[in-house]
Amino acid sequence: MSRTRDITEGQYFRRLGPGGGVWQVVTVRRDAIGMSHAQMKRADDPKTLKTLALAALQDHTQFERMGDP
């Protein structure tokens with residue numbers, strides 16, 4: 001089973017390390033070559049957006065899944 005299905009809109013992730021912050025998944029998309037990415041917004045500054053490969057969110061050395069903040 002693919003773990004990419006575990007990441008859905010509305011989930012929160014904490015970036016590990018200095019200055020990481022908490023991010024919420026806004027949408028999950030596939031690009032033209034079939035790679036899955038999540039567009040995310042910073043929980044404390046919703047105007048700050050970033051797009052990450054789902055593989056990065058699944059890397060437990062980079063991100064930790066959270067409940068609602």
# chains A, B, ... in the order shown; residues from 1 in each chain; ligands from 1
>>> residues_around(residues="Pro46 of chain A", least_positions_apart="6", cutoff="9 Å", atoms="only C-alpha atoms", output="list in words")
Trp23, Gln24 and Met40 of chain A
>>> write_last_selection(atoms="N, CA and C atoms", output="PDB file, in the first residue's frame")
ATOM      1  N   TRP A  23       2.983  23.272   9.730  1.00  0.00           N
ATOM      2  CA  TRP A  23       2.451  23.460   8.383  1.00  0.00           C
ATOM      3  C   TRP A  23       1.208  22.609   8.186  1.00  0.00           C
ATOM      4  N   GLN A  24       0.232  23.154   7.447  1.00  0.00           N
ATOM      5  CA  GLN A  24      -0.995  22.433   7.147  1.00  0.00           C
ATOM      6  C   GLN A  24      -1.060  22.133   5.647  1.00  0.00           C
ATOM      7  N   MET A  40       1.408  23.486   1.023  1.00  0.00           N
ATOM      8  CA  MET A  40       1.211  23.662   2.452  1.00  0.00           C
ATOM      9  C   MET A  40       1.216  25.132   2.810  1.00  0.00           C
TER      10      MET A  40
END
>>> residues_around(residues="Arg14 of chain A", least_positions_apart="5", cutoff="8 Å", atoms="only C-alpha atoms", output="PyMOL selection string")
chain A and resi 20-23+63-66
>>> select_by_dssp(residues="chain A", states="strand (DSSP E or B)", output="PyMOL selection string")
chain A and resi 12-15+22-30+36-42+45-53+63-66
>>> atom_distance(atom1="atom CA of Phe13 of chain A", atom2="atom CA of Gln62 of chain A")
9.8 Å
>>> decode(residues="segment 5-45 of chain A", atoms="N, CA and C atoms", output="mmCIF file, in the first residue's frame")
data_model
loop_
_atom_site.group_PDB
_atom_site.id
_atom_site.type_symbol
_atom_site.label_atom_id
_atom_site.label_comp_id
_atom_site.auth_asym_id
_atom_site.auth_seq_id
_atom_site.Cartn_x
_atom_site.Cartn_y
_atom_site.Cartn_z
ATOM 1 N N ARG A 5 -1.058 7.908 0.175
ATOM 2 C CA ARG A 5 -2.485 8.031 0.472
ATOM 3 C C ARG A 5 -2.721 8.422 1.917
ATOM 4 N N ASP A 6 -1.728 8.275 2.756
ATOM 5 C CA ASP A 6 -1.861 8.652 4.162
ATOM 6 C C ASP A 6 -1.852 10.163 4.350
ATOM 7 N N ILE A 7 -1.382 10.922 3.385
ATOM 8 C CA ILE A 7 -1.290 12.376 3.493
ATOM 9 C C ILE A 7 -2.485 12.987 2.774
ATOM 10 N N THR A 8 -3.288 13.737 3.532
ATOM 11 C CA THR A 8 -4.507 14.320 2.976
ATOM 12 C C THR A 8 -4.628 15.790 3.361
ATOM 13 N N GLU A 9 -5.484 16.485 2.640
ATOM 14 C CA GLU A 9 -5.740 17.898 2.919
ATOM 15 C C GLU A 9 -6.193 18.079 4.361
ATOM 16 N N GLY A 10 -5.700 19.134 4.986
ATOM 17 C CA GLY A 10 -6.090 19.466 6.351
ATOM 18 C C GLY A 10 -5.161 18.950 7.426
ATOM 19 N N GLN A 11 -4.284 17.996 7.094
ATOM 20 C CA GLN A 11 -3.358 17.462 8.106
ATOM 21 C C GLN A 11 -2.279 18.490 8.440
ATOM 22 N N TYR A 12 -1.766 18.368 9.658
ATOM 23 C CA TYR A 12 -0.701 19.256 10.137
ATOM 24 C C TYR A 12 0.590 18.465 10.318
ATOM 25 N N PHE A 13 1.703 19.133 9.984
ATOM 26 C CA PHE A 13 3.036 18.558 10.149
ATOM 27 C C PHE A 13 3.930 19.592 10.800
ATOM 28 N N ARG A 14 4.798 19.114 11.691
ATOM 29 C CA ARG A 14 5.807 19.983 12.314
ATOM 30 C C ARG A 14 7.137 19.698 11.651
ATOM 31 N N ARG A 15 7.758 20.765 11.158
ATOM 32 C CA ARG A 15 9.088 20.659 10.559
ATOM 33 C C ARG A 15 10.085 20.533 11.693
ATOM 34 N N LEU A 16 10.901 19.492 11.674
ATOM 35 C CA LEU A 16 11.888 19.267 12.735
ATOM 36 C C LEU A 16 13.106 20.145 12.490
ATOM 37 N N GLY A 17 13.737 20.559 13.557
ATOM 38 C CA GLY A 17 14.928 21.388 13.446
ATOM 39 C C GLY A 17 14.609 22.846 13.737
ATOM 40 N N PRO A 18 15.659 23.667 13.770
ATOM 41 C CA PRO A 18 15.494 25.080 14.107
ATOM 42 C C PRO A 18 14.599 25.800 13.095
ATOM 43 N N GLY A 19 13.698 26.617 13.618
ATOM 44 C CA GLY A 19 12.846 27.436 12.764
ATOM 45 C C GLY A 19 11.871 26.658 11.907
ATOM 46 N N GLY A 20 11.528 25.442 12.332
ATOM 47 C CA GLY A 20 10.714 24.573 11.503
ATOM 48 C C GLY A 20 9.270 24.989 11.331
ATOM 49 N N GLY A 21 8.583 25.242 12.415
ATOM 50 C CA GLY A 21 7.193 25.652 12.362
ATOM 51 C C GLY A 21 6.231 24.513 12.093
ATOM 52 N N VAL A 22 4.953 24.858 12.127
ATOM 53 C CA VAL A 22 3.870 23.917 11.886
ATOM 54 C C VAL A 22 3.217 24.285 10.555
ATOM 55 N N TRP A 23 2.983 23.272 9.730
ATOM 56 C CA TRP A 23 2.451 23.460 8.383
ATOM 57 C C TRP A 23 1.208 22.609 8.186
ATOM 58 N N GLN A 24 0.232 23.154 7.447
ATOM 59 C CA GLN A 24 -0.995 22.433 7.147
ATOM 60 C C GLN A 24 -1.060 22.133 5.647
ATOM 61 N N VAL A 25 -1.449 20.908 5.306
ATOM 62 C CA VAL A 25 -1.607 20.522 3.910
ATOM 63 C C VAL A 25 -2.858 21.201 3.353
ATOM 64 N N VAL A 26 -2.676 21.958 2.268
ATOM 65 C CA VAL A 26 -3.782 22.641 1.607
ATOM 66 C C VAL A 26 -4.355 21.749 0.503
ATOM 67 N N THR A 27 -3.459 21.183 -0.300
ATOM 68 C CA THR A 27 -3.890 20.305 -1.382
ATOM 69 C C THR A 27 -2.773 19.322 -1.718
ATOM 70 N N VAL A 28 -3.146 18.181 -2.276
ATOM 71 C CA VAL A 28 -2.185 17.173 -2.729
ATOM 72 C C VAL A 28 -2.387 17.014 -4.229
ATOM 73 N N ARG A 29 -1.282 17.073 -4.998
ATOM 74 C CA ARG A 29 -1.354 17.014 -6.455
ATOM 75 C C ARG A 29 -0.264 16.106 -7.018
ATOM 76 N N ARG A 30 -0.495 15.662 -8.247
ATOM 77 C CA ARG A 30 0.535 14.956 -9.020
ATOM 78 C C ARG A 30 1.008 15.876 -10.122
ATOM 79 N N ASP A 31 2.317 15.888 -10.359
ATOM 80 C CA ASP A 31 2.841 16.719 -11.438
ATOM 81 C C ASP A 31 2.812 15.948 -12.755
ATOM 82 N N ALA A 32 3.341 16.550 -13.803
ATOM 83 C CA ALA A 32 3.283 15.969 -15.151
ATOM 84 C C ALA A 32 4.015 14.638 -15.263
ATOM 85 N N ILE A 33 4.996 14.393 -14.390
ATOM 86 C CA ILE A 33 5.730 13.130 -14.465
ATOM 87 C C ILE A 33 5.261 12.119 -13.408
ATOM 88 N N GLY A 34 4.159 12.451 -12.730
ATOM 89 C CA GLY A 34 3.561 11.502 -11.800
ATOM 90 C C GLY A 34 4.035 11.587 -10.362
ATOM 91 N N MET A 35 4.867 12.565 -10.032
ATOM 92 C CA MET A 35 5.328 12.736 -8.650
ATOM 93 C C MET A 35 4.256 13.463 -7.838
ATOM 94 N N SER A 36 4.039 13.038 -6.605
ATOM 95 C CA SER A 36 3.027 13.652 -5.743
ATOM 96 C C SER A 36 3.658 14.712 -4.853
ATOM 97 N N HIS A 37 2.954 15.838 -4.733
ATOM 98 C CA HIS A 37 3.409 16.971 -3.936
ATOM 99 C C HIS A 37 2.262 17.495 -3.087
ATOM 100 N N ALA A 38 2.606 18.142 -1.982
ATOM 101 C CA ALA A 38 1.622 18.789 -1.119
ATOM 102 C C ALA A 38 1.898 20.286 -1.104
ATOM 103 N N GLN A 39 0.860 21.060 -1.361
ATOM 104 C CA GLN A 39 0.977 22.501 -1.136
ATOM 105 C C GLN A 39 0.589 22.720 0.311
ATOM 106 N N MET A 40 1.408 23.486 1.023
ATOM 107 C CA MET A 40 1.211 23.662 2.452
ATOM 108 C C MET A 40 1.216 25.132 2.810
ATOM 109 N N LYS A 41 0.515 25.456 3.918
ATOM 110 C CA LYS A 41 0.549 26.815 4.454
ATOM 111 C C LYS A 41 1.023 26.752 5.891
ATOM 112 N N ARG A 42 1.738 27.770 6.276
ATOM 113 C CA ARG A 42 2.252 27.837 7.644
ATOM 114 C C ARG A 42 1.091 28.137 8.591
ATOM 115 N N ALA A 43 0.957 27.381 9.668
ATOM 116 C CA ALA A 43 -0.185 27.514 10.574
ATOM 117 C C ALA A 43 -0.261 28.899 11.219
ATOM 118 N N ASP A 44 0.886 29.494 11.556
ATOM 119 C CA ASP A 44 0.876 30.799 12.215
ATOM 120 C C ASP A 44 0.966 31.965 11.236
ATOM 121 N N ASP A 45 1.051 31.672 9.933
ATOM 122 C CA ASP A 45 1.093 32.712 8.895
ATOM 123 C C ASP A 45 0.555 32.099 7.603
#
